file run.cif (mmCIF, C-alpha atoms)
data_data
#
loop_
_atom_site.label_atom_id
_atom_site.label_comp_id
_atom_site.auth_asym_id
_atom_site.auth_seq_id
_atom_site.Cartn_x
_atom_site.Cartn_y
_atom_site.Cartn_z
CA MET A 25 23.12 11.03 56.27
CA VAL A 26 25.13 13.34 54.08
CA GLY A 27 28.31 12.22 55.86
CA ARG A 28 30.30 15.30 56.75
CA ARG A 29 32.75 13.28 58.81
CA ASN A 30 36.46 13.55 58.30
CA PRO A 31 36.87 12.02 54.87
CA ARG A 32 40.43 10.86 55.55
CA PRO A 33 40.56 8.02 58.02
CA LYS A 34 43.96 6.57 58.91
CA GLY A 35 43.86 3.69 56.45
CA SER A 36 43.25 5.79 53.35
CA LEU A 37 46.91 6.84 53.04
CA GLU A 38 47.87 3.17 53.10
CA LEU A 39 45.46 2.42 50.26
CA GLU A 40 46.71 5.43 48.35
CA ILE A 41 50.31 4.25 48.69
CA VAL A 42 49.43 0.69 47.66
CA ALA A 43 47.59 2.08 44.62
CA GLY A 44 50.57 4.29 43.75
CA ILE A 45 53.02 1.39 43.95
CA ALA A 46 50.69 -0.87 41.96
CA ALA A 47 50.53 1.75 39.20
CA ALA A 48 54.33 1.74 38.83
CA ASP A 49 56.26 -0.62 36.60
CA GLY A 50 58.88 -1.59 39.17
CA PRO A 51 59.59 -1.20 42.88
CA LEU A 52 59.55 2.37 44.28
CA THR A 53 61.62 4.02 47.00
CA ALA A 54 59.94 6.21 49.61
CA ALA A 55 60.94 9.36 47.70
CA GLU A 56 59.47 7.95 44.49
CA VAL A 57 56.27 6.97 46.29
CA LEU A 58 56.01 10.50 47.66
CA SER A 59 56.23 12.01 44.19
CA ALA A 60 53.75 9.43 42.81
CA LEU A 61 51.20 10.50 45.41
CA GLY A 62 51.36 14.04 44.07
CA ARG A 63 50.44 15.86 47.23
CA PRO A 64 52.36 17.63 49.98
CA LEU A 65 53.14 15.01 52.60
CA ALA A 66 56.06 14.66 54.98
CA TYR A 67 58.70 12.20 53.78
CA THR A 68 58.70 10.55 57.21
CA THR A 69 54.91 10.01 57.03
CA VAL A 70 55.35 8.09 53.79
CA LEU A 71 58.31 6.16 55.17
CA THR A 72 56.40 5.21 58.34
CA THR A 73 53.40 4.06 56.33
CA LEU A 74 55.62 2.06 53.97
CA THR A 75 57.28 0.35 56.94
CA ARG A 76 53.88 -0.45 58.44
CA LEU A 77 52.69 -1.91 55.13
CA PHE A 78 55.90 -3.97 54.96
CA GLU A 79 55.29 -5.28 58.50
CA LYS A 80 51.72 -6.18 57.50
CA GLN A 81 53.28 -8.12 54.60
CA VAL A 82 51.35 -6.11 52.05
CA LEU A 83 54.63 -4.89 50.54
CA THR A 84 58.01 -6.52 50.06
CA ARG A 85 61.20 -4.50 49.86
CA GLU A 86 64.66 -4.79 48.42
CA PRO A 87 67.66 -2.59 49.10
CA ARG A 88 68.38 0.06 46.50
CA GLY A 89 71.32 2.34 47.26
CA ARG A 90 70.94 3.49 50.84
CA ALA A 91 67.15 3.10 50.83
CA TYR A 92 64.61 0.36 50.23
CA ALA A 93 62.47 0.00 47.15
CA TYR A 94 58.97 -1.37 47.81
CA ARG A 95 56.73 -3.51 45.66
CA LEU A 96 53.29 -5.03 46.12
CA VAL A 97 53.16 -8.62 47.34
CA GLY A 98 49.81 -9.36 45.72
CA ASN A 99 50.01 -12.43 43.53
CA ARG A 100 53.32 -14.22 43.88
CA THR A 101 53.45 -15.63 40.38
CA GLU A 102 52.35 -14.56 36.92
CA ALA A 103 50.00 -17.51 36.78
CA GLU A 104 48.31 -16.50 40.01
CA ALA A 105 47.97 -12.93 38.79
CA TRP A 106 46.42 -14.20 35.57
CA LEU A 107 43.96 -16.34 37.51
CA THR A 108 42.96 -13.36 39.66
CA ALA A 109 42.44 -11.22 36.57
CA ARG A 110 40.29 -13.95 35.03
CA GLU A 111 38.34 -14.22 38.29
CA MET A 112 37.67 -10.48 38.19
CA GLN A 113 36.47 -10.71 34.61
CA LYS A 114 34.15 -13.55 35.61
CA VAL A 115 32.75 -11.43 38.44
CA LEU A 116 32.14 -8.59 35.97
CA ASP A 117 30.52 -10.83 33.39
CA THR A 118 28.06 -12.67 35.62
CA GLY A 119 24.43 -11.91 35.04
CA ASN A 120 22.62 -8.62 34.83
CA ASP A 121 22.19 -8.43 38.59
CA ARG A 122 25.74 -7.17 38.71
CA ALA A 123 24.52 -3.59 38.72
CA SER A 124 22.76 -4.18 41.97
CA VAL A 125 25.71 -5.86 43.61
CA LEU A 126 28.67 -3.69 42.83
CA THR A 127 29.21 -0.36 41.23
CA GLN A 128 31.79 0.27 38.54
CA PHE A 129 33.62 3.55 38.84
CA VAL A 130 32.34 4.45 35.40
CA GLY A 131 29.83 2.82 33.13
CA SER A 132 30.37 2.48 29.42
CA LEU A 133 30.11 5.33 27.00
CA ASP A 134 28.33 5.61 23.69
CA GLU A 135 29.93 7.62 20.89
CA THR A 136 28.08 10.86 21.56
CA SER A 137 29.01 10.85 25.23
CA GLU A 138 32.59 10.04 24.38
CA GLN A 139 32.72 13.13 22.17
CA LEU A 140 31.00 15.23 24.84
CA LEU A 141 33.40 13.96 27.45
CA ARG A 142 36.50 14.83 25.45
CA GLU A 143 35.12 18.33 24.92
CA LEU A 144 34.30 18.74 28.61
CA LEU A 145 37.78 17.69 29.68
CA GLN A 146 39.37 20.03 27.15
CA ARG A 147 37.24 22.94 28.29
CA HIS A 148 38.31 22.37 31.89
CA PRO A 149 42.01 21.69 31.75
CA GLY A 150 42.32 23.46 35.14
CA LEU A 151 44.63 20.84 36.63
CA GLU A 152 47.78 21.86 38.39
CA PRO A 153 50.84 20.83 36.37
CA VAL A 154 50.86 17.07 36.65
CA THR A 155 53.34 15.83 39.21
CA LYS A 156 56.16 13.82 37.76
CA SER A 157 55.38 10.30 38.77
CA SER A 158 58.30 7.93 38.58
CA SER A 159 55.99 5.39 37.04
CA GLY A 160 55.86 7.58 33.93
CA HIS A 161 52.13 7.01 33.60
CA THR A 162 50.98 10.52 34.26
CA ASP A 163 49.73 11.09 30.74
CA GLY A 164 46.22 10.48 29.57
CA PRO A 165 44.75 7.06 29.00
CA PRO A 166 46.29 4.89 26.32
CA GLU A 167 44.63 5.51 23.00
CA MET B 18 -19.18 9.15 48.08
CA ARG B 19 -16.69 6.72 49.48
CA PRO B 20 -15.95 4.86 46.27
CA ALA B 21 -15.34 8.22 44.60
CA THR B 22 -12.87 9.30 47.29
CA VAL B 23 -11.09 5.98 47.07
CA LEU B 24 -10.84 6.35 43.29
CA ILE B 25 -9.40 9.86 43.57
CA MET B 26 -6.88 8.86 46.21
CA SER B 27 -5.95 5.73 44.25
CA ALA B 28 -5.23 8.01 41.33
CA LEU B 29 -3.08 10.14 43.63
CA ALA B 30 -1.23 7.02 44.81
CA LEU B 31 -0.71 6.09 41.19
CA THR B 32 0.87 9.49 40.43
CA GLY B 33 3.96 7.76 41.75
CA PHE B 34 3.80 5.63 38.59
CA GLY B 35 4.11 8.70 36.41
CA ALA B 36 6.30 10.65 38.82
CA GLY B 37 9.28 8.41 38.07
CA PRO B 38 10.90 10.18 35.09
CA PHE B 39 10.02 13.56 36.58
CA ALA B 40 11.65 12.67 39.91
CA VAL B 41 14.72 11.27 38.15
CA ALA B 42 15.19 14.51 36.21
CA LEU B 43 14.89 16.51 39.44
CA ALA B 44 17.30 14.21 41.24
CA ARG B 45 20.09 15.17 38.85
CA ARG B 46 20.05 18.66 40.29
CA ALA B 47 19.37 17.77 43.92
CA ASN B 48 21.79 16.96 46.71
CA PRO B 49 22.98 13.46 45.77
CA ALA B 50 22.58 11.86 49.21
CA LEU B 51 19.05 13.22 49.65
CA ALA B 52 18.24 12.35 46.05
CA THR B 53 19.35 8.76 46.66
CA VAL B 54 17.20 8.44 49.78
CA LEU B 55 14.15 10.13 48.20
CA LEU B 56 14.27 8.19 44.92
CA THR B 57 14.69 4.92 46.79
CA ALA B 58 11.79 5.87 49.07
CA LEU B 59 9.66 6.77 46.04
CA SER B 60 10.29 3.45 44.31
CA ILE B 61 9.69 1.46 47.50
CA CYS B 62 6.48 3.43 48.23
CA VAL B 63 5.11 2.88 44.74
CA ALA B 64 6.07 -0.81 44.74
CA GLY B 65 4.54 -1.19 48.21
CA ALA B 66 1.39 0.67 47.15
CA THR B 67 1.11 -1.56 44.07
CA VAL B 68 1.11 -4.68 46.22
CA ALA B 69 -1.04 -3.20 49.00
CA ILE B 70 -3.77 -1.80 46.78
CA ALA B 71 -3.94 -4.92 44.62
CA ALA B 72 -4.04 -7.22 47.65
CA LEU B 73 -6.63 -5.12 49.50
CA THR B 74 -8.85 -4.84 46.42
CA ALA B 75 -8.75 -8.60 45.94
CA TYR B 76 -9.38 -9.28 49.61
CA VAL B 77 -12.26 -6.85 50.05
CA GLY B 78 -13.74 -7.74 46.64
CA SER B 79 -13.85 -11.42 47.48
CA VAL B 80 -15.86 -10.95 50.69
CA GLY B 81 -19.06 -12.14 49.00
CA ILE B 82 -17.37 -14.97 47.07
CA LEU B 83 -15.18 -16.47 49.77
CA PRO B 84 -16.66 -15.47 53.13
CA ALA B 85 -14.67 -18.22 54.89
CA LEU B 86 -11.43 -16.30 54.25
CA HIS B 87 -12.69 -13.16 55.95
CA PRO B 88 -13.39 -12.35 59.61
CA ALA B 89 -16.81 -13.52 60.71
CA ASP B 90 -17.91 -10.07 61.82
CA TRP B 91 -17.46 -8.56 58.35
CA SER B 92 -20.80 -7.67 56.84
CA ALA B 93 -20.64 -8.59 53.16
CA THR B 94 -23.68 -6.50 52.28
CA GLU B 95 -22.31 -3.37 53.96
CA ILE B 96 -18.92 -3.73 52.29
CA GLU B 97 -20.41 -4.46 48.89
CA ARG B 98 -22.55 -1.37 49.19
CA ASP B 99 -19.75 0.98 50.32
CA LEU B 100 -16.90 -0.49 48.28
CA PRO B 101 -18.36 -2.25 45.26
CA VAL B 102 -15.57 -4.22 43.57
CA PRO B 103 -16.68 -6.00 40.38
CA PRO B 104 -15.66 -9.70 40.22
CA VAL B 105 -13.45 -9.08 37.17
CA LEU B 106 -11.52 -6.42 39.08
CA THR B 107 -11.25 -8.72 42.09
CA ALA B 108 -9.76 -11.49 39.96
CA ALA B 109 -7.39 -9.12 38.17
CA ALA B 110 -6.24 -7.62 41.48
CA ALA B 111 -5.62 -11.09 42.94
CA VAL B 112 -3.56 -12.15 39.91
CA LEU B 113 -1.59 -8.88 40.03
CA ALA B 114 -0.89 -9.12 43.76
CA VAL B 115 0.36 -12.70 43.54
CA GLY B 116 2.29 -11.99 40.35
CA VAL B 117 4.24 -9.01 41.65
CA LEU B 118 4.97 -10.72 44.95
CA VAL B 119 6.44 -13.71 43.12
CA ARG B 120 8.48 -11.42 40.86
CA GLY B 121 9.77 -9.54 43.90
CA CYS B 122 10.78 -12.75 45.70
CA VAL B 123 12.54 -14.14 42.62
CA ARG B 124 14.48 -10.91 42.21
CA LEU B 125 15.39 -10.74 45.89
CA ALA B 126 16.73 -14.29 45.75
CA ALA B 127 18.73 -13.48 42.61
CA ILE B 128 20.21 -10.33 44.13
CA SER B 129 21.29 -11.96 47.37
CA ARG B 130 22.69 -15.02 45.58
CA GLN B 131 24.70 -12.80 43.23
CA ALA B 132 25.93 -10.67 46.13
CA ARG B 133 27.09 -13.75 48.00
CA LEU B 134 28.90 -15.23 44.98
CA THR B 135 30.63 -11.94 44.20
CA ALA B 136 31.70 -11.34 47.79
CA THR B 137 33.11 -14.88 47.99
CA ALA B 138 35.02 -14.55 44.70
CA VAL B 139 36.49 -11.18 45.63
CA GLY B 140 37.17 -12.25 49.22
CA ALA B 141 39.50 -14.95 47.86
CA MET B 142 41.65 -12.43 45.97
CA PRO B 143 44.86 -11.16 47.65
CA ALA B 144 44.04 -7.84 49.33
CA ALA B 145 45.96 -4.98 50.93
CA GLY B 146 43.52 -3.88 53.58
CA LYS B 147 40.32 -3.18 51.68
CA LEU B 148 42.11 -2.84 48.35
CA VAL B 149 42.39 -5.62 45.79
CA VAL B 150 44.79 -4.83 42.96
CA VAL B 151 44.27 -6.96 39.85
CA GLN B 152 46.96 -7.22 37.18
CA SER B 153 45.02 -6.37 34.05
CA GLU B 154 45.47 -3.94 31.21
CA ARG B 155 41.74 -3.30 31.21
CA ALA B 156 40.55 -0.32 33.23
CA HIS B 157 38.22 -1.50 35.99
CA ALA B 158 37.33 -0.19 39.41
CA PHE B 159 34.43 -1.26 41.56
CA ALA B 160 33.32 -1.73 45.13
CA VAL B 161 32.08 -5.04 46.50
CA PRO B 162 30.04 -4.86 49.71
CA GLY B 163 29.90 -7.68 52.24
CA SER B 164 32.39 -8.92 54.86
CA GLY B 165 33.94 -5.50 55.43
CA GLY B 166 33.83 -4.59 51.76
CA ARG B 167 36.53 -4.59 49.11
CA VAL B 168 37.60 -2.12 46.46
CA VAL B 169 38.81 -3.90 43.31
CA VAL B 170 41.03 -1.88 40.97
CA SER B 171 42.94 -3.06 37.92
CA THR B 172 46.48 -1.88 37.24
CA GLY B 173 45.21 -0.63 33.87
CA MET B 174 42.94 1.78 35.72
CA LEU B 175 45.61 2.88 38.22
CA ARG B 176 48.08 3.59 35.42
CA ALA B 177 45.63 5.77 33.53
CA LEU B 178 45.39 8.16 36.49
CA THR B 179 47.70 10.60 38.28
CA GLY B 180 48.34 10.43 42.04
CA PRO B 181 45.56 12.86 43.04
CA GLU B 182 43.17 11.19 40.59
CA ARG B 183 43.91 7.79 42.17
CA ARG B 184 43.08 9.34 45.54
CA ALA B 185 39.75 10.56 44.11
CA LEU B 186 39.05 7.07 42.71
CA LEU B 187 39.77 5.36 46.04
CA ALA B 188 37.69 7.90 48.00
CA HIS B 189 34.83 7.35 45.54
CA GLU B 190 34.88 3.56 45.89
CA LEU B 191 35.32 3.69 49.69
CA ALA B 192 32.31 6.01 49.92
CA HIS B 193 30.21 3.31 48.20
CA LEU B 194 31.19 0.95 51.01
CA THR B 195 31.03 3.26 54.04
CA SER B 196 27.63 4.72 53.06
CA SER B 197 26.23 1.28 52.06
CA HIS B 198 25.16 2.49 48.64
CA HIS B 199 24.37 -1.05 47.55
CA VAL B 200 21.40 -1.09 49.93
CA PHE B 201 19.77 1.76 48.00
CA THR B 202 20.52 0.34 44.55
CA GLN B 203 19.31 -3.10 45.59
CA LEU B 204 16.08 -1.78 47.11
CA ALA B 205 15.37 0.27 43.97
CA CYS B 206 16.19 -2.77 41.85
CA LEU B 207 13.71 -4.83 43.86
CA ALA B 208 11.04 -2.13 43.54
CA ALA B 209 11.60 -2.10 39.77
CA ALA B 210 11.07 -5.87 39.70
CA ILE B 211 7.75 -5.47 41.53
CA ASN B 212 6.61 -2.52 39.43
CA PRO B 213 8.39 -2.18 36.05
CA LEU B 214 7.33 1.47 35.90
CA MET B 215 9.97 2.06 38.59
CA ARG B 216 12.83 1.03 36.26
CA PRO B 217 13.79 4.61 35.38
CA VAL B 218 13.82 5.40 39.10
CA SER B 219 16.17 2.49 39.70
CA THR B 220 18.52 3.91 37.05
CA GLY B 221 18.13 7.29 38.73
CA VAL B 222 19.23 5.79 42.05
CA ASP B 223 22.33 4.35 40.33
CA LEU B 224 23.27 7.81 39.11
CA ALA B 225 22.47 9.51 42.44
CA VAL B 226 24.68 7.02 44.26
CA GLU B 227 27.56 7.71 41.87
CA ARG B 228 27.16 11.45 42.41
CA TRP B 229 27.07 10.84 46.16
CA ALA B 230 30.41 9.01 45.93
CA ASP B 231 31.77 11.74 43.65
CA ALA B 232 30.93 14.27 46.37
CA ALA B 233 32.91 12.17 48.85
CA ALA B 234 35.83 12.08 46.40
CA LEU B 235 35.60 15.84 46.08
CA ARG B 236 35.86 16.21 49.87
CA ALA B 237 38.94 13.99 49.85
CA VAL B 238 40.86 15.80 47.11
CA GLY B 239 39.32 19.28 47.31
CA ASP B 240 39.42 20.10 43.61
CA PRO B 241 36.40 19.27 41.40
CA HIS B 242 38.63 19.27 38.32
CA VAL B 243 40.72 16.41 39.70
CA VAL B 244 37.60 14.32 40.36
CA ALA B 245 36.14 15.20 36.95
CA HIS B 246 39.38 14.27 35.23
CA ALA B 247 39.59 11.01 37.15
CA ILE B 248 36.07 10.06 36.03
CA GLY B 249 36.65 11.22 32.47
CA LYS B 250 40.01 9.56 32.03
CA ALA B 251 38.73 6.34 33.58
CA ALA B 252 35.79 6.31 31.18
CA LEU B 253 38.00 6.96 28.16
CA ALA B 254 40.53 4.37 29.35
CA GLN B 255 37.75 1.79 29.38
CA ILE B 256 37.11 2.39 25.71
CA GLY B 257 40.75 1.47 25.09
CA PRO B 258 41.24 -1.78 23.20
CA THR B 259 37.70 -3.14 23.22
CA ILE B 260 34.44 -1.68 24.34
CA HIS B 261 33.80 -3.99 27.24
CA ASN B 262 30.28 -3.36 28.36
CA SER B 263 29.12 -6.03 30.73
CA LEU B 264 26.13 -3.97 31.78
CA GLY B 265 24.65 -4.39 28.34
CA VAL B 266 23.45 -0.80 28.22
CA ALA B 267 25.30 2.31 27.23
CA ARG B 268 25.21 4.66 30.16
CA ASN B 269 25.80 8.35 29.78
CA ASP B 270 26.00 8.93 33.53
CA VAL B 271 29.63 9.92 33.18
CA VAL B 272 28.84 13.11 31.29
CA VAL B 273 26.11 14.06 33.77
CA ARG B 274 28.40 13.40 36.72
CA ILE B 275 31.19 15.52 35.27
CA SER B 276 28.95 18.43 34.46
CA CYS B 277 27.46 18.22 37.97
CA LEU B 278 30.97 18.45 39.42
CA LEU B 279 32.14 21.30 37.22
CA ASP B 280 28.92 23.29 37.20
CA ALA B 281 28.24 24.50 40.72
CA ARG B 282 25.07 26.29 39.58
CA ARG B 283 23.34 22.96 39.35
CA THR B 284 22.96 22.65 43.10
CA SER B 285 20.01 24.50 44.55
CA PRO B 286 17.59 23.52 47.33
CA TRP B 287 14.54 23.66 45.04
CA PRO B 288 14.94 20.40 43.17
CA THR B 289 15.41 18.61 46.50
CA ALA B 290 12.24 20.19 47.92
CA VAL B 291 10.15 19.37 44.84
CA LEU B 292 11.57 15.85 44.78
CA ALA B 293 10.57 15.40 48.42
CA ALA B 294 7.03 16.53 47.60
CA ALA B 295 6.89 14.19 44.61
CA THR B 296 7.86 11.33 46.93
CA ILE B 297 5.42 12.19 49.70
CA LEU B 298 2.37 12.69 47.45
CA PRO B 299 1.99 9.08 46.27
CA LEU B 300 2.83 7.86 49.78
CA ALA B 301 0.04 10.02 51.23
CA GLY B 302 -2.37 8.82 48.53
CA ALA B 303 -1.56 5.17 49.21
CA ALA B 304 -1.88 5.63 52.97
CA PHE B 305 -5.26 7.33 52.48
CA VAL B 306 -6.57 4.48 50.33
CA VAL B 307 -5.54 1.90 52.92
CA LEU B 308 -7.22 3.95 55.68
CA GLN B 309 -10.39 4.22 53.58
CA PHE B 310 -10.54 0.46 53.13
CA HIS B 311 -9.98 0.10 56.84
CA GLY B 312 -12.74 2.63 57.60
CA VAL B 313 -15.27 0.81 55.43
CA VAL B 314 -14.41 -2.52 57.02
CA GLU B 315 -14.71 -1.03 60.51
CA ALA B 316 -18.10 0.48 59.64
CA SER B 317 -19.31 -2.85 58.31
CA GLU B 318 -18.19 -4.58 61.49
CA LEU B 319 -20.15 -2.07 63.58
CA ALA B 320 -23.19 -2.50 61.35
CA GLY B 321 -22.85 -6.28 61.43
CA SER B 322 -22.62 -6.58 65.20
#
call {"tool": "encode", "arguments": {"input": "run.cif", "output": "structure tokens"}}
result
Amino acid sequence: MVGRRNPRPKGSLELEIVAGIAAADGPLTAAEVLSALGRPLAYTTVLTTLTRLFEKQVLTREPRGRAYAYRLVGNRTEAEAWLTAREMQKVLDTGNDRASVLTQFVGSLDETSEQLLRELLQRHPGLEPVTKSSSGHTDGPPE
Amino acid sequence: MRPATVLIMSALALTGFGAGPFAVALARRANPALATVLLTALSICVAGATVAIAALTAYVGSVGILPALHPADWSATEIERDLPVPPVLTAAAAVLAVGVLVRGCVRLAAISRQARLTATAVGAMPAAGKLVVVQSERAHAFAVPGSGGRVVVSTGMLRALTGPERRALLAHELAHLTSSHHVFTQLACLAAAINPLMRPVSTGVDLAVERWADAAALRAVGDPHVVAHAIGKAALAQIGPTIHNSLGVARNDVVVRISCLLDARRTSPWPTAVLAAATILPLAGAAFVVLQFHGVVEASELAGS
């Protein structure tokens, strides 16, 4: 019940890589993906996974120097992406039964909790020095 | 003597009504997976006991009024002597039983309809495996069960986090899907519809499920600070441009979850044990009441034959 199984099934690296590429502004090479993941992985592991994702047509790639730079296929046009975003918002806005259907990573905060939260995070800065992600979005949330 | 025993045990069954807030407070310090199961069990037991006791009271109380609805070998005089139910109570119990059953059915229909609509909408979005990335500056991340399950994340959320924090986020959302957390939240939601006193327990299940997923994220990344920072930064990123609160209620779960992660002292076996007892007590009371009713009916059948 408590689920002590191996928490890292094969597909989770794929999702992690897709998430890393989606967080970046432009296409990423395998080396850039590796540094965006921010954990010790073999370069070849990343490259193999990228190739597999390309073959599954989840990613597209374009040559950059002697390597390939990968980007998410996702929505092909801006308009489609906008429609998907609107669809997501609609899903989030529908009815109060939402809570019972899907779970948001975090709920909303009131002012007191926001204050508390900032204090908590300051008191526990214990993160390893943040890995330089090529996306340049390693800083805190936008104010 | 029997009516007295039934009254006492009914009261015990009804402790579940009051046990809610107490159990929810305990659950914050208990193992999250066990807390989820126990809180859900508590709310289902109390909701079930509400329906069962109301229905039984109405049925047994109406033996003199509507004998045609009852088995022929029931002795109305015996039952009325051993379990005297005043007509007013009979009527009230009947109204209550029908009312809560209707409420429960309406809620169940609403939940499954909503689940179907959401799964269809999300299923149509372009996905990479289980992951749906939505181009949006707003910070959103949620799991949608059904047809294999999907994790929906906005680019706004992904950009607010570092690599390890994104891994924590994905592990958290995937845990919701692999451990079928929606089953617990939906059951508790249903129980709260049947018995509104179970609403705090339903909220407690929501929190326990989040902590359960946080524990899975912790196993995936290994460092509680990374998970805590992911949760905290995600919450602060949501405040961003507008406070978008589609739940309609301010939830302070985030602070509780982070302090649970960072404060290892909070886990001890005692809260789990007490929570288990608090769940079993009303269940035992309800079971006893049902058995008492059954005993009286059996006795009346023997006397009648």
call {"tool": "closest_atom_pairs", "arguments": {"input": "run.cif", "of": "chain B", "to": "chain A", "cutoff": "7 Å", "atoms": "all atoms listed in the file", "output": "CSV"}}
result
residue,atom,partner,partner_atom,distance
B:Ala50,CA,A:Val26,CA,5.7
B:Ile128,CA,A:Asp121,CA,6.2
B:Gln131,CA,A:Asp121,CA,6.9
B:Ala132,CA,A:Val125,CA,5.4
B:Thr135,CA,A:Val115,CA,6.2
B:Met142,CA,A:Thr108,CA,6.5
B:Pro143,CA,A:Gly98,CA,5.6
B:Ala144,CA,A:Gly98,CA,7.0
B:Ala145,CA,A:Val82,CA,5.6
B:Leu148,CA,A:Leu39,CA,6.5
B:Val151,CA,A:Ala109,CA,5.7
B:Gln152,CA,A:Ala105,CA,6.0
B:Ser153,CA,A:Ala109,CA,6.0
B:Ala158,CA,A:Phe129,CA,5.3
B:Phe159,CA,A:Gln128,CA,4.3
B:Ala160,CA,A:Leu126,CA,5.5
B:Val161,CA,A:Leu126,CA,5.2
B:Thr172,CA,A:Ala47,CA,5.8
B:Leu175,CA,A:Ala47,CA,5.1
B:Arg176,CA,A:Ala47,CA,4.9
B:Ala177,CA,A:Pro165,CA,4.8
B:Leu178,CA,A:Thr162,CA,6.5
B:Thr179,CA,A:Thr162,CA,5.2
B:Gly180,CA,A:Leu61,CA,4.4
B:Pro181,CA,A:Gly62,CA,6.0
B:Arg184,CA,A:Glu40,CA,6.0
B:His199,CA,A:Val125,CA,6.4
B:Thr202,CA,A:Ser124,CA,5.7
B:Gln203,CA,A:Ser124,CA,5.1
B:Cys206,CA,A:Ser124,CA,6.7
B:Arg236,CA,A:Pro31,CA,6.6
B:Ala237,CA,A:Pro31,CA,5.8
B:His242,CA,A:Gly150,CA,6.4
B:Val243,CA,A:Leu151,CA,6.7
B:His246,CA,A:Leu145,CA,6.7
B:Ile248,CA,A:Val130,CA,6.8
B:Gly249,CA,A:Leu141,CA,6.6
B:Lys250,CA,A:Pro165,CA,6.2
B:Ala251,CA,A:Val130,CA,6.9
B:Ala252,CA,A:Val130,CA,5.8
B:Leu253,CA,A:Pro165,CA,6.8
B:Ala254,CA,A:Pro165,CA,5.0
B:Gly257,CA,A:Glu167,CA,6.0
B:Asn262,CA,A:Ser132,CA,5.9
B:Ser263,CA,A:Asp117,CA,5.7
B:Leu264,CA,A:Asn120,CA,6.6
B:Ala267,CA,A:Ser132,CA,5.5
B:Arg268,CA,A:Ser132,CA,5.7
B:Asn269,CA,A:Leu133,CA,6.0
B:Val271,CA,A:Val130,CA,6.5
B:Val272,CA,A:Leu141,CA,6.0
call {"tool": "residues_around", "arguments": {"input": "run.cif", "residues": "Pro241 in chain B", "least_positions_apart": "3", "cutoff": "9 Å", "atoms": "only C-alpha atoms", "output": "list in words"}}
result
Ala232, Ala234, Leu235, Val238, Val244, Ala245, His246, Ile275, Leu278 and Leu279 of chain B
call {"tool": "resolve_selection", "arguments": {"input": "run.cif", "expression": "the PyMOL selection byres ((chain A and resi 71) around 12)", "output": "tab-separated table (two decimals) with C-alpha atoms, keeping the file's coordinate frame"}}
result
chain	number	residue	atom	x	y	z
A	37	LEU	CA	46.91	6.84	53.04
A	38	GLU	CA	47.87	3.17	53.10
A	41	ILE	CA	50.31	4.25	48.69
A	52	LEU	CA	59.55	2.37	44.28
A	53	THR	CA	61.62	4.02	47.00
A	54	ALA	CA	59.94	6.21	49.61
A	55	ALA	CA	60.94	9.36	47.70
A	56	GLU	CA	59.47	7.95	44.49
A	57	VAL	CA	56.27	6.97	46.29
A	58	LEU	CA	56.01	10.50	47.66
A	65	LEU	CA	53.14	15.01	52.60
A	66	ALA	CA	56.06	14.66	54.98
A	67	TYR	CA	58.70	12.20	53.78
A	68	THR	CA	58.70	10.55	57.21
A	69	THR	CA	54.91	10.01	57.03
A	70	VAL	CA	55.35	8.09	53.79
A	72	THR	CA	56.40	5.21	58.34
A	73	THR	CA	53.40	4.06	56.33
A	74	LEU	CA	55.62	2.06	53.97
A	75	THR	CA	57.28	0.35	56.94
A	76	ARG	CA	53.88	-0.45	58.44
A	77	LEU	CA	52.69	-1.91	55.13
A	78	PHE	CA	55.90	-3.97	54.96
A	91	ALA	CA	67.15	3.10	50.83
A	92	TYR	CA	64.61	0.36	50.23
A	93	ALA	CA	62.47	0.00	47.15
A	94	TYR	CA	58.97	-1.37	47.81
call {"tool": "atom_distance", "arguments": {"input": "run.cif", "atom1": "CA of Cys122 in chain B", "atom2": "CA of Ile70 in chain B"}}
result
18.2 Å
call {"tool": "atom_distance", "arguments": {"input": "run.cif", "atom1": "CA of Gly173 in chain B", "atom2": "CA of Arg95 in chain A"}}
result
16.7 Å
